[in-house]
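**Q** As input, take entry.txt (compact mmCIF, C-alpha atoms and all ligand atoms):
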```txt
# COMPACT_ATOMS: atom_id res chain seq x y z
CA MET I 1 35.01 -2.19 15.98
CA SER I 2 33.12 -4.27 13.47
CA LEU I 3 29.65 -3.39 12.32
CA ASN I 4 28.93 -7.10 12.28
CA VAL I 5 26.26 -6.67 9.62
CA GLU I 6 26.33 -10.30 8.52
CA SER I 7 25.88 -11.90 11.94
CA PRO I 8 22.65 -13.76 12.65
CA VAL I 9 19.91 -11.99 14.53
CA VAL I 10 20.30 -12.30 18.28
CA SER I 11 16.85 -12.27 19.77
CA THR I 12 16.19 -12.36 23.47
CA ALA I 13 13.02 -14.39 22.94
CA SER I 14 11.61 -16.44 20.11
CA ALA I 15 9.21 -14.73 17.71
CA PRO I 16 5.62 -15.01 18.87
CA GLN I 17 2.86 -16.50 16.73
CA PRO I 18 0.96 -13.83 14.83
CA LEU I 19 -2.62 -13.33 15.90
CA ARG I 20 -5.05 -15.14 13.57
CA LEU I 21 -8.74 -15.95 13.39
CA ILE I 22 -8.68 -18.20 10.30
CA ASP I 23 -5.65 -20.44 9.84
CA ASP I 24 -3.84 -21.11 6.55
CA THR I 25 -6.00 -24.16 5.88
CA GLY I 26 -9.18 -22.08 6.06
CA HIS I 27 -10.38 -23.22 9.49
CA ALA I 28 -11.56 -20.91 12.24
CA VAL I 29 -9.02 -20.69 15.03
CA THR I 30 -10.38 -21.98 18.29
CA ASP I 31 -7.57 -20.87 20.65
CA ASP I 32 -7.54 -17.57 22.39
CA ALA I 33 -7.12 -14.82 19.82
CA GLY I 34 -6.38 -11.97 22.20
CA GLY I 35 -10.06 -11.17 22.70
CA PHE I 36 -10.70 -10.65 18.98
CA THR I 37 -13.58 -12.47 17.36
CA LEU I 38 -14.39 -13.50 13.81
CA PRO I 39 -16.29 -10.85 11.84
CA ASP I 40 -19.77 -11.96 10.73
CA PRO I 41 -20.12 -13.94 7.46
CA LEU I 42 -21.60 -11.01 5.53
CA THR I 43 -18.65 -8.77 6.43
CA LEU I 44 -16.24 -11.55 5.46
CA LEU I 45 -18.05 -12.05 2.16
CA GLY I 46 -17.67 -8.32 1.43
CA LEU I 47 -13.95 -8.51 2.21
CA TYR I 48 -13.63 -11.57 -0.03
CA ARG I 49 -15.28 -9.76 -2.93
CA GLN I 50 -12.99 -6.75 -2.51
CA MET I 51 -9.89 -8.95 -2.37
CA VAL I 52 -10.84 -10.87 -5.53
CA VAL I 53 -11.56 -7.66 -7.45
CA ALA I 54 -8.38 -6.00 -6.14
CA ARG I 55 -6.23 -8.95 -7.15
CA ARG I 56 -7.65 -8.96 -10.66
CA PHE I 57 -6.78 -5.27 -10.96
CA ASP I 58 -3.27 -5.89 -9.64
CA VAL I 59 -2.64 -8.81 -12.01
CA GLN I 60 -3.97 -6.76 -14.92
CA VAL I 61 -1.72 -3.80 -14.18
CA THR I 62 1.33 -6.04 -13.81
CA ALA I 63 0.46 -7.55 -17.20
CA LEU I 64 0.38 -4.04 -18.69
CA THR I 65 3.93 -3.44 -17.48
CA ARG I 66 5.04 -6.74 -19.05
CA GLN I 67 3.46 -5.70 -22.33
CA GLY I 68 5.48 -2.48 -22.18
CA ARG I 69 2.30 -0.43 -21.98
CA LEU I 70 2.99 0.91 -18.52
CA ALA I 71 6.39 2.02 -17.24
CA THR I 72 6.17 0.82 -13.67
CA TYR I 73 3.88 -0.74 -11.08
CA PRO I 74 4.63 -1.97 -7.57
CA SER I 75 2.38 -5.00 -7.12
CA ALA I 76 0.54 -5.87 -3.90
CA LEU I 77 -0.19 -9.46 -4.96
CA GLY I 78 -0.45 -11.54 -1.79
CA GLN I 79 -0.95 -8.48 0.40
CA GLU I 80 -4.68 -8.07 -0.30
CA ALA I 81 -5.74 -8.96 3.25
CA CYS I 82 -3.70 -6.11 4.78
CA GLU I 83 -4.75 -3.59 2.14
CA ILE I 84 -8.45 -4.38 2.08
CA ALA I 85 -8.83 -4.80 5.86
CA ALA I 86 -7.18 -1.43 6.45
CA VAL I 87 -9.54 0.37 4.06
CA ALA I 88 -12.62 -1.49 5.29
CA SER I 89 -11.92 -0.35 8.85
CA LEU I 90 -12.31 3.30 7.93
CA ASP I 91 -15.39 5.50 7.82
CA PRO I 92 -15.90 7.56 4.65
CA GLY I 93 -14.80 10.71 6.51
CA ASP I 94 -11.49 9.22 7.68
CA TRP I 95 -8.20 9.75 5.85
CA LEU I 96 -5.90 7.18 4.29
CA PHE I 97 -2.16 7.85 3.82
CA PRO I 98 -0.87 5.21 1.38
CA THR I 99 2.42 4.35 -0.35
CA TYR I 100 3.30 3.48 -3.93
CA ARG I 101 2.49 -0.19 -3.09
CA ASP I 102 -1.12 0.51 -2.11
CA SER I 103 -2.99 1.08 -5.37
CA ILE I 104 -5.50 -1.62 -4.51
CA ALA I 105 -6.34 0.24 -1.30
CA LEU I 106 -7.20 3.25 -3.46
CA LEU I 107 -9.27 1.08 -5.76
CA THR I 108 -11.19 -0.34 -2.80
CA ARG I 109 -11.88 3.20 -1.57
CA GLY I 110 -13.50 4.02 -4.90
CA VAL I 111 -10.73 5.63 -6.97
CA LYS I 112 -11.16 4.84 -10.68
CA PRO I 113 -8.43 2.84 -12.46
CA GLU I 114 -7.61 5.71 -14.83
CA HIS I 115 -7.04 8.02 -11.88
CA ILE I 116 -4.90 5.45 -10.06
CA LEU I 117 -2.80 4.83 -13.14
CA ALA I 118 -2.28 8.53 -13.91
CA SER I 119 0.94 8.65 -11.91
CA PHE I 120 2.21 5.27 -13.16
CA ARG I 121 1.63 6.49 -16.71
CA GLY I 122 3.75 9.54 -15.95
CA GLU I 123 0.76 11.82 -16.39
CA TRP I 124 0.45 13.60 -13.08
CA HIS I 125 1.48 12.78 -9.53
CA SER I 126 -1.66 11.52 -7.83
CA GLY I 127 -4.34 11.60 -10.48
CA TYR I 128 -7.27 11.47 -8.08
CA ASP I 129 -9.09 14.10 -6.08
CA GLN I 130 -7.55 13.69 -2.64
CA TYR I 131 -10.30 15.60 -0.86
CA GLU I 132 -13.10 13.67 -2.55
CA HIS I 133 -11.63 10.32 -1.59
CA ARG I 134 -9.86 11.44 1.56
CA ILE I 135 -6.70 9.75 0.38
CA ALA I 136 -3.34 11.55 0.48
CA PRO I 137 -1.02 11.13 -2.52
CA GLN I 138 0.73 7.76 -2.68
CA ALA I 139 4.05 8.48 -1.00
CA THR I 140 7.25 7.30 -2.64
CA PRO I 141 9.71 8.79 -0.13
CA LEU I 142 9.53 6.14 2.58
CA ALA I 143 7.57 6.91 5.77
CA THR I 144 6.93 10.56 4.97
CA GLN I 145 3.22 9.78 4.82
CA ALA I 146 3.30 8.56 8.44
CA LEU I 147 4.17 12.06 9.64
CA HIS I 148 1.48 13.55 7.43
CA ALA I 149 -1.04 11.13 8.96
CA VAL I 150 -0.01 12.15 12.47
CA GLY I 151 -0.33 15.79 11.48
CA LEU I 152 -3.84 15.32 10.16
CA ALA I 153 -4.84 13.21 13.16
CA THR I 154 -3.50 15.81 15.56
CA ALA I 155 -5.43 18.54 13.75
CA SER I 156 -8.55 16.38 14.02
CA LYS I 157 -7.99 16.05 17.76
CA LEU I 158 -7.43 19.80 18.21
CA LYS I 159 -10.59 20.54 16.23
CA ARG I 160 -12.46 17.93 18.29
CA ASP I 161 -13.82 16.20 15.23
CA SER I 162 -13.93 12.43 14.94
CA THR I 163 -11.69 11.93 11.89
CA VAL I 164 -9.17 9.11 12.13
CA ALA I 165 -6.04 8.83 9.98
CA LEU I 166 -4.72 5.44 8.91
CA THR I 167 -1.37 5.08 7.24
CA LEU I 168 0.11 2.11 5.42
CA LEU I 169 3.87 1.55 5.77
CA GLY I 170 6.31 -1.09 4.64
CA ASP I 171 8.63 -3.04 6.95
CA GLY I 172 11.61 -1.23 5.42
CA ALA I 173 9.99 2.14 6.03
CA THR I 174 10.00 1.49 9.79
CA SER I 175 13.79 1.94 9.70
CA GLU I 176 13.38 5.52 8.50
CA GLY I 177 13.71 8.41 10.93
CA ASP I 178 10.34 9.72 9.77
CA ALA I 179 8.62 6.55 11.01
CA HIS I 180 10.14 6.90 14.48
CA GLU I 181 9.21 10.57 14.66
CA ALA I 182 5.67 9.72 13.59
CA PHE I 183 5.32 6.93 16.17
CA ASN I 184 6.68 9.15 18.93
CA PHE I 185 4.64 12.25 18.11
CA ALA I 186 1.51 10.13 17.72
CA ALA I 187 1.95 8.60 21.17
CA VAL I 188 2.96 11.83 22.92
CA TRP I 189 0.03 13.72 21.43
CA GLN I 190 -2.34 10.73 21.64
CA ALA I 191 -3.25 11.36 18.02
CA PRO I 192 -6.16 9.40 16.49
CA VAL I 193 -3.95 7.53 14.03
CA VAL I 194 -3.44 3.88 13.12
CA PHE I 195 -0.14 2.66 11.66
CA VAL I 196 -0.60 -0.47 9.56
CA VAL I 197 2.81 -1.90 8.76
CA GLN I 198 2.71 -4.40 5.93
CA ASN I 199 5.64 -6.61 6.76
CA ASN I 200 6.12 -8.23 3.37
CA GLN I 201 9.58 -9.27 4.57
CA PHE I 202 11.59 -7.27 2.05
CA ALA I 203 12.71 -3.74 1.42
CA ILE I 204 13.49 -4.30 -2.26
CA SER I 205 16.24 -6.95 -1.85
CA VAL I 206 16.90 -6.43 1.86
CA PRO I 207 15.23 -9.00 4.12
CA LEU I 208 13.86 -7.78 7.43
CA ASP I 209 16.49 -9.57 9.54
CA LYS I 210 19.19 -7.46 7.91
CA GLN I 211 17.63 -4.24 9.08
CA MET I 212 16.28 -4.85 12.56
CA ARG I 213 17.20 -7.03 15.51
CA CYS I 214 14.02 -7.10 17.56
CA ARG I 215 11.44 -9.91 17.38
CA THR I 216 8.66 -8.08 15.63
CA ILE I 217 7.88 -4.59 14.38
CA ALA I 218 4.83 -4.61 16.66
CA ASP I 219 7.16 -4.92 19.68
CA LYS I 220 8.54 -1.49 18.86
CA ALA I 221 5.21 0.06 19.86
CA ILE I 222 6.07 -0.63 23.51
CA GLY I 223 8.98 1.77 23.32
CA TYR I 224 6.73 4.58 22.17
CA GLY I 225 3.96 3.89 24.65
CA MET I 226 1.24 2.65 22.33
CA PRO I 227 -0.36 -0.75 21.76
CA GLY I 228 1.20 -2.94 19.09
CA PHE I 229 -0.35 -6.02 17.47
CA TYR I 230 1.45 -8.73 15.55
CA VAL I 231 -1.14 -10.14 13.16
CA ASP I 232 -1.22 -12.75 10.41
CA GLY I 233 -1.33 -10.36 7.47
CA ASN I 234 -2.74 -13.06 5.19
CA ASP I 235 -5.77 -13.53 7.43
CA VAL I 236 -8.17 -10.78 6.46
CA ALA I 237 -10.51 -11.67 9.34
CA ALA I 238 -7.78 -11.02 11.91
CA MET I 239 -6.47 -7.93 10.12
CA TYR I 240 -9.98 -6.49 9.92
CA ALA I 241 -10.79 -7.27 13.56
CA VAL I 242 -7.57 -5.68 14.82
CA THR I 243 -7.52 -2.60 12.56
CA SER I 244 -11.24 -1.91 13.18
CA ALA I 245 -10.64 -2.04 16.93
CA ALA I 246 -7.65 0.29 16.50
CA VAL I 247 -9.71 2.75 14.43
CA ASP I 248 -12.53 2.69 17.02
CA ARG I 249 -10.04 3.23 19.79
CA ALA I 250 -8.50 6.19 17.98
CA ARG I 251 -11.94 7.69 17.31
CA THR I 252 -12.97 7.46 20.94
CA GLY I 253 -9.88 9.19 22.32
CA GLY I 254 -7.72 6.11 22.97
CA GLY I 255 -4.76 7.31 20.89
CA PRO I 256 -2.59 5.57 18.28
CA THR I 257 -2.01 1.88 17.57
CA LEU I 258 0.63 0.05 15.56
CA VAL I 259 -0.59 -3.02 13.66
CA GLU I 260 1.98 -5.26 11.98
CA GLY I 261 0.59 -7.59 9.32
CA LEU I 262 2.98 -10.45 8.56
CA THR I 263 2.66 -11.11 4.85
CA TYR I 264 4.82 -11.61 1.77
CA ARG I 265 5.54 -9.75 -1.44
CA ILE I 266 4.82 -12.42 -4.07
CA GLU I 267 5.83 -10.32 -7.08
CA ALA I 268 9.07 -8.42 -7.66
CA HIS I 269 9.53 -5.10 -5.82
CA THR I 270 8.52 -3.45 -9.09
CA ASN I 271 8.76 -4.68 -12.66
CA SER I 272 12.33 -3.33 -12.81
CA ASP I 273 13.51 -5.67 -10.03
CA ASP I 274 14.83 -9.24 -10.43
CA PRO I 275 13.95 -11.05 -7.18
CA SER I 276 15.65 -14.29 -8.28
CA ARG I 277 18.90 -12.58 -7.24
CA TYR I 278 17.95 -12.57 -3.57
CA ARG I 279 15.29 -15.26 -2.97
CA THR I 280 14.37 -18.66 -4.35
CA ALA I 281 11.22 -19.79 -6.15
CA GLY I 282 10.78 -22.23 -3.24
CA ASP I 283 10.59 -19.35 -0.74
CA VAL I 284 7.85 -17.75 -2.83
CA ASP I 285 5.95 -21.03 -3.15
CA VAL I 286 5.72 -21.40 0.61
CA TRP I 287 3.89 -18.09 0.73
CA ARG I 288 1.79 -18.75 -2.35
CA ARG I 289 0.34 -21.65 -0.41
CA ARG I 290 -0.69 -19.21 2.35
CA ASP I 291 -2.76 -17.23 -0.09
CA PRO I 292 -5.13 -14.83 1.72
CA ILE I 293 -7.95 -15.20 -0.81
CA GLU I 294 -7.96 -19.01 -0.98
CA ARG I 295 -7.91 -19.20 2.80
CA LEU I 296 -11.02 -17.06 3.18
CA GLU I 297 -12.72 -18.79 0.26
CA THR I 298 -12.24 -22.19 1.91
CA TYR I 299 -13.67 -20.85 5.15
CA LEU I 300 -16.69 -19.16 3.53
CA VAL I 301 -17.52 -22.25 1.47
CA SER I 302 -17.22 -24.44 4.60
CA ILE I 303 -19.84 -22.36 6.44
CA GLY I 304 -22.12 -22.15 3.40
CA ALA I 305 -21.60 -18.40 2.98
CA LEU I 306 -20.25 -18.49 -0.59
CA SER I 307 -22.13 -20.22 -3.38
CA ASP I 308 -20.84 -21.02 -6.87
CA ARG I 309 -23.22 -18.40 -8.25
CA GLU I 310 -21.85 -15.70 -5.96
CA ARG I 311 -18.32 -16.70 -6.83
CA ALA I 312 -19.08 -16.44 -10.55
CA GLY I 313 -20.72 -13.02 -10.03
CA ILE I 314 -17.63 -11.72 -8.25
CA ARG I 315 -15.40 -13.13 -10.97
CA ASP I 316 -17.48 -11.32 -13.61
CA GLU I 317 -17.22 -8.08 -11.69
CA ALA I 318 -13.44 -8.53 -11.52
CA GLU I 319 -13.23 -9.23 -15.27
CA ASP I 320 -15.26 -6.09 -16.03
CA LEU I 321 -12.85 -4.06 -13.97
CA ALA I 322 -9.86 -5.63 -15.74
CA ALA I 323 -11.40 -4.70 -19.10
CA ALA I 324 -12.00 -1.13 -17.90
CA THR I 325 -8.39 -0.98 -16.70
CA ARG I 326 -7.11 -2.10 -20.11
CA ASP I 327 -9.41 0.42 -21.82
CA CYS I 328 -8.09 3.33 -19.83
CA MET I 329 -4.64 2.70 -21.33
CA THR I 330 -6.00 3.97 -24.63
CA LEU I 331 -6.85 7.36 -23.11
CA PRO I 332 -4.37 10.03 -24.20
CA VAL I 333 -1.81 11.02 -21.60
CA GLN I 334 -2.43 14.65 -20.74
CA ALA I 335 1.09 15.54 -19.71
CA ASP I 336 2.81 18.83 -20.31
CA PRO I 337 6.53 18.23 -19.70
CA LEU I 338 6.98 21.83 -18.58
CA GLU I 339 4.68 21.19 -15.62
CA LEU I 340 7.68 19.44 -14.13
CA PHE I 341 8.89 22.82 -12.95
CA ASP I 342 5.62 24.01 -11.45
CA HIS I 343 4.97 23.75 -7.72
CA VAL I 344 8.64 23.30 -6.87
CA TYR I 345 9.23 26.74 -5.36
CA ALA I 346 6.71 29.52 -4.73
CA THR I 347 9.25 31.84 -6.41
CA PRO I 348 11.14 30.01 -9.18
CA ARG I 349 14.91 29.81 -8.58
CA PRO I 350 17.19 31.06 -11.40
CA ALA I 351 18.72 27.59 -11.99
CA LEU I 352 15.29 26.03 -12.36
CA ALA I 353 14.08 28.83 -14.63
CA GLU I 354 17.14 28.19 -16.80
CA GLN I 355 16.38 24.45 -17.01
CA ARG I 356 12.77 25.21 -17.85
CA ALA I 357 13.81 27.52 -20.68
CA PHE I 358 16.21 24.84 -21.95
CA LEU I 359 13.46 22.19 -22.03
CA ALA I 360 10.98 24.61 -23.62
CA ALA I 361 13.50 25.34 -26.42
CA GLU I 362 14.14 21.63 -26.92
CA LEU I 363 10.41 20.85 -27.14
CA ALA I 364 9.93 23.67 -29.65
CA GLU I 365 12.83 22.34 -31.72
CA HIS I 366 11.29 18.83 -31.76
CA ALA I 367 7.93 20.29 -32.72
CA ALA I 368 9.52 22.22 -35.59
CA LEU I 369 11.38 19.11 -36.82
CA ALA I 370 8.16 17.12 -36.75
CA GLY I 371 6.42 19.87 -38.66
CA HIS I 372 4.22 20.95 -35.77
CA THR I 373 3.72 24.45 -34.56
CA ALA I 374 2.24 23.14 -31.35
CA PRO I 375 4.18 20.91 -28.90
CA PRO I 376 4.76 17.34 -30.17
CA PRO I 377 2.20 14.65 -29.38
CA VAL I 378 2.71 13.25 -25.92
CA SER I 379 3.71 9.61 -25.72
CA THR I 380 3.15 7.09 -22.96
CA PRO I 381 5.99 6.49 -20.48
CA SER I 382 6.97 3.35 -22.37
CA GLY I 383 7.55 5.42 -25.47
CA ALA I 384 4.59 3.97 -27.37
CA PRO I 385 2.21 6.52 -28.87
CA ALA I 386 -0.63 7.29 -26.50
C1 LIG K 1 13.48 7.98 1.91
C2 LIG K 1 13.67 6.92 0.86
N1 LIG K 1 14.78 6.19 0.83
C3 LIG K 1 14.94 5.22 -0.09
C4 LIG K 1 13.97 4.99 -1.04
C5 LIG K 1 14.18 3.91 -2.10
N2 LIG K 1 13.25 2.81 -1.86
C6 LIG K 1 12.10 2.70 -2.56
S1 LIG K 1 11.18 1.42 -2.08
C7 LIG K 1 12.33 0.93 -0.94
C8 LIG K 1 12.07 -0.28 -0.08
C9 LIG K 1 10.92 -0.08 0.82
O1 LIG K 1 10.60 -1.26 1.49
P1 LIG K 1 9.34 -1.37 2.40
O2 LIG K 1 9.19 -0.16 3.25
O3 LIG K 1 9.42 -2.66 3.10
O4 LIG K 1 8.10 -1.33 1.41
P2 LIG K 1 7.70 -2.36 0.25
O5 LIG K 1 8.29 -1.83 -1.01
O6 LIG K 1 8.22 -3.69 0.63
O7 LIG K 1 6.23 -2.30 0.19
C10 LIG K 1 13.42 1.79 -0.95
C11 LIG K 1 14.59 1.65 -0.08
C12 LIG K 1 12.82 5.79 -0.97
N3 LIG K 1 11.81 5.62 -1.82
N4 LIG K 1 12.68 6.73 -0.01
MG MG K 2 8.61 -4.46 2.54
```
In structure tokens, how does this file's structure come out?
**A**
Amino acid sequence: MSLNVESPVVSTASAPQPLRLIDDTGHAVTDDAGGFTLPDPLTLLGLYRQMVVARRFDVQVTALTRQGRLATYPSALGQEACEIAAVASLDPGDWLFPTYRDSIALLTRGVKPEHILASFRGEWHSGYDQYEHRIAPQATPLATQALHAVGLATASKLKRDSTVALTLLGDGATSEGDAHEAFNFAAVWQAPVVFVVQNNQFAISVPLDKQMRCRTIADKAIGYGMPGFYVDGNDVAAMYAVTSAAVDRARTGGGPTLVEGLTYRIEAHTNSDDPSRYRTAGDVDVWRRRDPIERLETYLVSIGALSDRERAGIRDEAEDLAAATRDCMTLPVQADPLELFDHVYATPRPALAEQRAFLAAELAEHAALAGHTAPPPVSTPSGAPA
């Protein structure tokens, strides 16, 4: 029997059109949009501001990796509509369960750049106060955060409070067992949780059609017994309308929803990936032309809701944030290498204790060679002095 992994996708029906409220040319969609309506201009202006600021942060952090000042950063360039709409749908008391890709979601929820970058600088995993921001640590093991979100949502339901959990997942993550368990438990327990799948069409180098054979990820919701929405993930108006409705539904006892945002990862998977090995510059250009920010900008200008002065003000705000982001790279990294062994087991295992002792001896030896009595100065992940 052949696994037939290279055969083309056999779909029983053609892919549907994603739900959208503003099309890629910046015009309001007049056809039926599944009962969803355009958010008011003030809400859209707020989303526009957050997207512009978030993109500036993202571009700045990517630049820091290219300068060798930051070891790694998974960019969300092009995915701002999904990220910002998801965060904007939540109340301050709700919980967000993000991935490594979702730093701009953290930023939009009020986490400071230096606290976001703590983990990318190798300082500490999750450098922000999770309880203050109600944001779980950015998950690197795929889809694990979806189960955590269902757990929190189920607890919220049992306690009869009104907290909703929203989790961001990648398209690739939906192939993980954890995602299926999360979807199933959420539906069976009618947990107040929203799954926002950012279908950026790649799991590193693997395109979506090499890892699933159904039309859309949203279709999968049917199998679990929850509503699923296939949305234009570069249309922030549609993403916001759908995720807000899903959050409201969860809060009022309606159970979970799966929202798929069809978008595109414009940058490499991370700065250590070379995407030219698996996609062409032409493919990327097609999606650059569907830019979520330009689309909303065109619409807002056309209805007179965005003036040149407002645009300049937002740009200044974004530049200030970029400067603050650069500045935080000069802060010393407060990392103690021996912390690596903490919080692994409640009672340290002998093998780990041995490794810890080995590292401690090595650090002491380096300190002695460098003429220090204390541990050597900590350097940034790129090796440059902090
Ligand atoms: C459980 C697990 N398996 C494999 C990996 C390695 N890995 C890191 S990112 C990635 C691709 C994920 O793709 P997707 O879910 O689409 O998210 P994206 O990076 O596109 O945002 C893989 C396979 C991992 N982090 N966790
Ligand atoms: Mg992906």
**Q** Please identify the residues whose atoms come within 9 Å of ligand LIG 1 (chain K), using only C-alpha atoms and all ligand atoms, and report them as number ranges by chain.
**A** I: 74-76, 99-102, 139-144, 169-176, 178, 197-208, 264-265, 269-270
**Q** Please, what distance in Å, to one decimal, runs between atom CA of Val259 of chain I and atom CA of Val59 of chain I?
**A** 26.4 Å
**Q** Between I:Leu44, I:Ala54, I:Ala245, I:Ala33, which one has atoms that come closest to Ala322 of chain I, using all atoms listed in the file?
**A**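 Closest to Ala322 of chain I of all the choices is I:Ala54.
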**Q** Which protein, DNA or RNA residues have an atom at most 8 Å from (6.6, 22.1, -22.1), counting all atoms listed in the file? List them as a list of chain:residue names.
**A**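 Using all atoms listed in the file, the matching residues come out as I:Asp336, I:Pro337, I:Leu338, I:Glu339, I:Leu359, I:Ala360, I:Leu363, I:Pro375.
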**Q** What gap, in Å, lies between atom CA of Phe341 of chain I and atom CA of Gly127 of chain I?
**A**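 Separation of atom CA of Phe341 of chain I and atom CA of Gly127 of chain I: 17.5 Å.
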**Q** Between atom CA of Thr216 of chain I and atom CA of Pro16 of chain I, what is the distance in Å, rounded to a tenth?
**A** 8.2 Å
**Q** Using only C-alpha atoms and all ligand atoms, which residue out of I:Gln211, I:Gly46, I:Asp291, I:Asn234 lies closest to ligand MG 2 (chain K)?
**A**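 Of the candidates, the smallest distance to ligand MG 2 (chain K) is held by I:Gln211.
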**Q** Using all atoms listed in the file, which residues sit within 12 Å of Ile222 of chain I once same-chain residues fewer than 3 positions away are excluded, as a PyMOL selection string?
**A** chain I and resi 183-184+187+214+216-219+225-229+256-258
**Q** Which residues are close to Leu117 of chain I, i.e. within 9 Å by all atoms listed in the file, leaving aside same-chain residues fewer than 5 positions away? Reply as an mmCIF file with C-alpha atoms, keeping the file's coordinate frame.
**A**
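Wrote it out as part_29.cif, contents follow:
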```cif
data_model
loop_
_atom_site.group_PDB
_atom_site.id
_atom_site.type_symbol
_atom_site.label_atom_id
_atom_site.label_comp_id
_atom_site.auth_asym_id
_atom_site.auth_seq_id
_atom_site.Cartn_x
_atom_site.Cartn_y
_atom_site.Cartn_z
ATOM 1 C CA VAL I 61 -1.720 -3.800 -14.180
ATOM 2 C CA LEU I 70 2.990 0.910 -18.520
ATOM 3 C CA TYR I 73 3.880 -0.740 -11.080
ATOM 4 C CA SER I 103 -2.990 1.080 -5.370
ATOM 5 C CA LYS I 112 -11.160 4.840 -10.680
ATOM 6 C CA GLY I 122 3.750 9.540 -15.950
ATOM 7 C CA GLU I 123 0.760 11.820 -16.390
ATOM 8 C CA SER I 126 -1.660 11.520 -7.830
ATOM 9 C CA GLY I 127 -4.340 11.600 -10.480
ATOM 10 C CA THR I 325 -8.390 -0.980 -16.700
ATOM 11 C CA CYS I 328 -8.090 3.330 -19.830
ATOM 12 C CA MET I 329 -4.640 2.700 -21.330
#
```
**Q** Can you work out which one of I:Leu306, I:Leu331, I:Ala268, I:Val53 has the shortest atom-to-atom distance to ligand MG 2 (chain K), counting all atoms listed in the file?
**A**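 Nearest candidate to ligand MG 2 (chain K) out of I:Leu306, I:Leu331, I:Ala268, I:Val53: I:Ala268.
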**Q** Tell me which of I:Gln79, I:Ile314, I:Ala368, I:Ala250 sits closest to ligand MG 2 (chain K), counting only C-alpha atoms and all ligand atoms.
**A** I:Gln79
**Q** Choose the residue, out of I:Val29, I:Ile266, I:Ala351, I:Val188, that has the smallest atom-to-atom separation from ligand MG 2 (chain K); count all atoms listed in the file.
**A**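 For ligand MG 2 (chain K), the nearest of the given residues is I:Ile266.
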**Q** For each of I:Ile293, I:Ala357, I:Ala367, I:Val333, take the minimum atom-to-atom distance to Thr25 of chain I, counting all atoms listed in the file, then give the residue where this is smallest.
**A**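 Closest to Thr25 of chain I of all the choices is I:Ile293.
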